[in-house]
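Q: Below you'll find entry_3.cif; it's mmCIF, C-alpha atoms.
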data_run
loop_
_atom_site.label_atom_id
_atom_site.label_comp_id
_atom_site.auth_asym_id
_atom_site.auth_seq_id
_atom_site.Cartn_x
_atom_site.Cartn_y
_atom_site.Cartn_z
CA MET F 19 0.00 0.00 0.00
CA ILE F 20 2.89 2.38 0.66
CA LYS F 21 4.22 1.78 -2.85
CA GLN F 22 0.84 2.65 -4.40
CA ALA F 23 0.69 5.90 -2.42
CA LEU F 24 4.25 6.83 -3.44
CA LEU F 25 3.55 5.90 -7.06
CA GLY F 26 0.35 7.96 -7.20
CA GLU F 27 2.15 11.06 -5.95
CA PHE F 28 5.12 10.35 -8.22
CA LEU F 29 2.97 10.17 -11.36
CA HIS F 30 0.96 13.29 -10.48
CA GLU F 31 4.03 15.33 -9.62
CA ALA F 32 6.05 14.10 -12.61
CA GLU F 33 3.33 15.61 -14.78
CA ASN F 34 3.64 18.90 -12.87
CA THR F 35 7.42 18.81 -13.30
CA ARG F 36 6.95 18.16 -17.03
CA LYS F 37 4.65 21.22 -17.29
CA ILE F 38 7.15 23.56 -15.69
CA LEU F 39 10.08 22.24 -17.71
CA GLN F 40 8.04 22.64 -20.90
CA ALA F 41 7.42 26.29 -19.97
CA ILE F 42 11.12 27.23 -20.09
CA PRO F 43 12.13 29.10 -23.23
CA ASP F 44 15.72 28.86 -24.43
CA SER F 45 15.99 32.62 -23.91
CA ALA F 46 15.72 32.14 -20.12
CA LEU F 47 18.32 29.37 -19.74
CA ASP F 48 21.29 31.62 -18.93
CA TRP F 49 19.44 33.86 -16.46
CA LYS F 50 20.14 33.63 -12.74
CA PRO F 51 18.92 35.86 -9.92
CA SER F 52 22.37 36.39 -8.38
CA GLU F 53 25.95 35.21 -8.64
CA LYS F 54 25.26 32.67 -5.89
CA ASN F 55 22.42 31.00 -7.80
CA TRP F 56 22.36 28.51 -10.62
CA THR F 57 21.23 29.59 -14.05
CA THR F 58 17.75 28.57 -15.13
CA GLY F 59 19.32 25.84 -17.28
CA GLN F 60 21.39 24.50 -14.40
CA LEU F 61 18.38 24.51 -12.06
CA ALA F 62 16.16 22.78 -14.62
CA SER F 63 18.90 20.21 -15.26
CA HIS F 64 19.17 19.53 -11.54
CA ILE F 65 15.41 19.01 -11.36
CA ALA F 66 15.71 16.44 -14.16
CA GLU F 67 18.65 14.83 -12.36
CA VAL F 68 16.74 14.21 -9.13
CA TYR F 69 14.83 11.51 -10.99
CA ASN F 70 18.16 9.79 -11.65
CA TRP F 71 18.55 9.14 -7.92
CA TYR F 72 15.56 6.79 -7.52
CA GLU F 73 17.36 3.59 -8.47
CA SER F 74 20.15 4.21 -5.96
CA THR F 75 17.72 5.23 -3.25
CA PHE F 76 15.52 2.18 -3.61
CA ASN F 77 18.23 -0.39 -4.34
CA LYS F 78 21.17 0.63 -2.16
CA ASP F 79 21.59 1.37 1.51
CA ILE F 80 24.38 3.88 0.92
CA PHE F 81 24.38 6.49 -1.83
CA ASP F 82 28.05 7.37 -2.36
CA MET F 83 28.21 10.82 -3.92
CA GLY F 84 31.99 10.39 -4.21
CA THR F 85 31.51 7.76 -6.91
CA TYR F 86 28.26 9.11 -8.39
CA LYS F 87 28.47 9.96 -12.07
CA TYR F 88 25.80 11.74 -14.10
CA ASP F 89 25.85 13.02 -17.66
CA LYS F 90 23.49 15.98 -17.76
CA GLY F 91 24.00 16.32 -21.49
CA ASP F 92 23.72 19.58 -23.41
CA ILE F 93 21.72 22.03 -21.30
CA SER F 94 21.96 24.88 -23.79
CA LYS F 95 18.49 24.05 -25.12
CA ALA F 96 15.36 23.53 -23.03
CA GLU F 97 14.29 20.60 -25.23
CA ASN F 98 17.47 18.73 -24.25
CA ILE F 99 16.76 19.20 -20.56
CA LEU F 100 13.19 18.01 -21.10
CA ALA F 101 14.45 14.94 -23.00
CA LYS F 102 16.83 14.10 -20.12
CA PHE F 103 13.92 14.52 -17.69
CA GLU F 104 11.79 12.10 -19.75
CA GLU F 105 14.59 9.52 -19.75
CA ASN F 106 15.19 9.88 -16.01
CA VAL F 107 11.52 9.93 -15.03
CA ALA F 108 10.88 6.68 -16.97
CA ASN F 109 13.76 4.99 -15.15
CA ALA F 110 12.61 6.41 -11.81
CA GLN F 111 9.10 5.07 -12.36
CA LYS F 112 10.51 1.60 -13.08
CA ALA F 113 12.65 1.76 -9.93
CA LEU F 114 9.63 2.72 -7.85
CA GLU F 115 7.34 0.13 -9.45
CA ASN F 116 9.96 -2.61 -8.95
CA SER F 117 10.85 -1.56 -5.40
CA ASP F 118 10.31 -3.95 -2.52
CA GLU F 119 8.10 -2.52 0.23
CA ASN F 120 9.86 -4.83 2.68
CA THR F 121 12.94 -2.61 2.35
CA TYR F 122 11.17 0.72 2.85
CA PHE F 123 12.14 0.89 6.51
CA ASN F 124 15.76 -0.18 5.95
CA GLU F 125 18.28 2.44 6.96
CA TRP F 126 19.72 4.53 4.11
CA LYS F 127 22.35 7.24 4.11
CA MET F 128 24.34 9.40 1.71
CA GLU F 129 28.09 9.65 2.03
CA MET F 130 30.99 11.27 0.24
CA ASP F 131 34.60 10.40 0.97
CA GLY F 132 33.52 8.68 4.19
CA ASN F 133 31.60 11.73 5.43
CA VAL F 134 27.87 11.44 6.03
CA LEU F 135 26.00 14.02 3.94
CA PHE F 136 22.47 12.80 4.58
CA PRO F 137 21.97 11.15 7.98
CA PRO F 138 20.74 7.56 8.25
CA MET F 139 16.97 7.24 8.05
CA PRO F 140 14.38 4.80 6.68
CA LYS F 141 14.28 4.68 2.87
CA VAL F 142 10.62 5.72 2.79
CA GLN F 143 11.54 8.90 4.65
CA VAL F 144 14.38 9.50 2.18
CA VAL F 145 11.92 9.14 -0.70
CA ARG F 146 9.63 11.77 0.83
CA ALA F 147 12.40 14.22 1.86
CA PHE F 148 15.33 13.70 -0.51
CA LEU F 149 13.42 12.82 -3.66
CA TYR F 150 9.96 14.37 -3.44
CA ASN F 151 10.26 17.44 -1.20
CA HIS F 152 13.70 18.34 -2.56
CA LEU F 153 12.22 18.35 -6.06
CA TYR F 154 9.23 20.47 -5.02
CA HIS F 155 11.60 23.01 -3.46
CA HIS F 156 13.53 23.39 -6.71
CA ARG F 157 10.36 23.57 -8.78
CA GLY F 158 9.27 26.48 -6.61
CA GLU F 159 12.55 28.21 -7.35
CA LEU F 160 12.00 27.59 -11.05
CA VAL F 161 8.58 29.26 -10.85
CA VAL F 162 10.29 32.38 -9.49
CA TYR F 163 12.93 32.19 -12.24
CA LEU F 164 10.23 32.02 -14.91
CA ARG F 165 8.31 34.94 -13.39
CA SER F 166 11.50 36.98 -13.05
CA THR F 167 12.28 36.54 -16.74
CA GLY F 168 8.76 37.59 -17.79
CA ASN F 169 7.61 34.10 -18.74
CA LYS F 170 4.28 32.44 -18.08
CA VAL F 171 4.01 29.90 -15.30
CA PRO F 172 1.82 26.84 -15.74
CA GLY F 173 -0.70 25.96 -13.07
CA LEU F 174 0.55 23.10 -10.95
CA TYR F 175 -2.12 23.06 -8.24
CA GLY F 176 -4.72 25.22 -9.91
CA PRO F 177 -4.72 28.35 -12.04
CA THR F 178 -1.93 30.93 -11.91
CA ALA F 179 -2.04 34.67 -12.50
CA ASP F 180 -1.42 33.83 -16.17
CA ASP F 181 -4.69 31.91 -16.45
CA LYS F 182 -7.99 33.61 -17.12
CA MET F 183 -10.49 33.01 -14.38
#
Hey, can you dump this file as structure tokens for me?

A:
Amino acid sequence: MIKQALLGEFLHEAENTRKILQAIPDSALDWKPSEKNWTTGQLASHIAEVYNWYESTFNKDIFDMGTYKYDKGDISKAENILAKFEENVANAQKALENSDENTYFNEWKMEMDGNVLFPPMPKVQVVRAFLYNHLYHHRGELVVYLRSTGNKVPGLYGPTADDKM
């Protein structure tokens, strides 16, 4: 039953993520709100990358960021970022669908070079915090990026100021 609940949210929110990534024009990809922030393209690419972490989260007890490799591809075009998202989300869905609920309360942690980056906690909690909530946080940032560059924002949980009421 836990898997079905996670899968339902995953599918709904993947569609919302798709909508916001589809709303990014190439002209906004290099914009960033400050020198400390990522560009729109980097942020969108990171959002797509989060879906690449599902397999490791569900199938390993330790996610070693020191050995993690990811090819983000060419992020100079929004369509490339969207294509990478589609690839990653399909793999993430398979990982979730094939996951074993009996392991959901196994301890999981993230390390890098022997240092704990994400403290040990049950995998199901990692899915909610590290995969889902982390993604929602970055999508919220992307909404602000789109607004700041004068672009329309799609409704994720109802109409936006861009929609006619």

Q: Carefully work through the PyMOL selection byres ((chain F and resi 38) around 12) for this structure and note down the residues it includes, as number ranges by chain.

A: F: 31-37, 39-43, 58, 61-62, 65-66, 96, 99-100, 103, 154, 156-165, 169-175

Q: Keeping only C-alpha atoms, take the residues you just selected and write them out as a compact mmCIF listing (two decimals), in the frame of the given file.

A:
# COMPACT_ATOMS: atom_id res chain seq x y z
CA GLU F 31 4.03 15.33 -9.62
CA ALA F 32 6.05 14.10 -12.61
CA GLU F 33 3.33 15.61 -14.78
CA ASN F 34 3.64 18.90 -12.87
CA THR F 35 7.42 18.81 -13.30
CA ARG F 36 6.95 18.16 -17.03
CA LYS F 37 4.65 21.22 -17.29
CA LEU F 39 10.08 22.24 -17.71
CA GLN F 40 8.04 22.64 -20.90
CA ALA F 41 7.42 26.29 -19.97
CA ILE F 42 11.12 27.23 -20.09
CA PRO F 43 12.13 29.10 -23.23
CA THR F 58 17.75 28.57 -15.13
CA LEU F 61 18.38 24.51 -12.06
CA ALA F 62 16.16 22.78 -14.62
CA ILE F 65 15.41 19.01 -11.36
CA ALA F 66 15.71 16.44 -14.16
CA ALA F 96 15.36 23.53 -23.03
CA ILE F 99 16.76 19.20 -20.56
CA LEU F 100 13.19 18.01 -21.10
CA PHE F 103 13.92 14.52 -17.69
CA TYR F 154 9.23 20.47 -5.02
CA HIS F 156 13.53 23.39 -6.71
CA ARG F 157 10.36 23.57 -8.78
CA GLY F 158 9.27 26.48 -6.61
CA GLU F 159 12.55 28.21 -7.35
CA LEU F 160 12.00 27.59 -11.05
CA VAL F 161 8.58 29.26 -10.85
CA VAL F 162 10.29 32.38 -9.49
CA TYR F 163 12.93 32.19 -12.24
CA LEU F 164 10.23 32.02 -14.91
CA ARG F 165 8.31 34.94 -13.39
CA ASN F 169 7.61 34.10 -18.74
CA LYS F 170 4.28 32.44 -18.08
CA VAL F 171 4.01 29.90 -15.30
CA PRO F 172 1.82 26.84 -15.74
CA GLY F 173 -0.70 25.96 -13.07
CA LEU F 174 0.55 23.10 -10.95
CA TYR F 175 -2.12 23.06 -8.24

Q: Could you check which of F:Met130, F:Val145, F:Ile93, F:Leu29 is closest to Glu73 (chain F), using only C-alpha atoms?

A: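 Answer, going by the shortest atom-to-atom distance: F:Val145.
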
Q: Every residue with an atom at most 10 Å from (10.2, 4.6, -11.8) (file coordinates; all atoms listed in the file) is what I'm after, so could you write them as a VMD selection string?

A: chain F and resid 25 28 to 29 69 to 70 72 to 73 106 to 117

Q: Using the file's own x, y and z axes, so that the box edges lie along x, y and z, what centre and edge lengths in Å (one decimal) does a box around every listed atom of region 139-158 of chain F get when 6 Å is added on each side? Give it as AutoDock Vina command-line options.

A:
--center_x 13.1 --center_y 15.6 --center_z -0.4 --size_x 19.7 --size_y 33.8 --size_z 28.8

Q: What's the separation between CA of Gly91 (chain F) and CA of Glu67 (chain F), in Å to one decimal place?

A: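 Atom-to-atom, CA of Gly91 (chain F) and CA of Glu67 (chain F) are spaced 10.7 Å apart.
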
Q: What's the separation between CA of Gln143 (chain F) and CA of Phe123 (chain F), in Å to one decimal place?

A: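 CA of Phe123 (chain F) lies 8.2 Å from CA of Gln143 (chain F).
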
Q: List as number ranges by chain the protein and nucleic acid residues near Asn124 (chain F), meaning an atom at most 12 Å away when only C-alpha atoms are counted, but skip any in the same chain fewer than 6 places from it.

A: F: 75-80, 118, 138-144

Q: Would you please work out which residue, of F:Ala179, F:Asp92, F:Asn98, F:Ser166, is nearest to Pro51 (chain F) when using only C-alpha atoms?

A: F:Ser166

Q: Given the choices F:Leu24, F:Val68, F:Leu135, F:Ala46, which gets closest to Met83 (chain F) if the distance is worked out from all atoms listed in the file?

A: F:Leu135

Q: Of the candidates F:Ser94, F:Ser74, F:Asn151, F:Thr178, which one gets nearest to Met128 (chain F) if we count all atoms listed in the file?

A: F:Ser74

Q: What is the distance between CA of Glu104 (chain F) and CA of His30 (chain F), in Å to one decimal?

A: 14.3 Å

Q: Quick one: of F:Phe81, F:Phe148, F:Asp89, F:Gly176, who's nearest to Trp126 (chain F), counting all atoms listed in the file?

A: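 Checking each candidate against Trp126 (chain F), we get F:Phe81 as the closest.
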
Q: Closest to Lys87 (chain F) among F:Lys54, F:Trp71, F:Ser63, F:Lys102, using all atoms listed in the file?

A: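 For Lys87 (chain F), the nearest of the candidates is F:Trp71.
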
Q: Leaving out Asp131 (chain F) and any residue of its chain fewer than 3 positions from it, which residues lie within 9 Å of it when counting only C-alpha atoms, given as an MDAnalysis selection string?

A: chainID F and resid 82:85 134
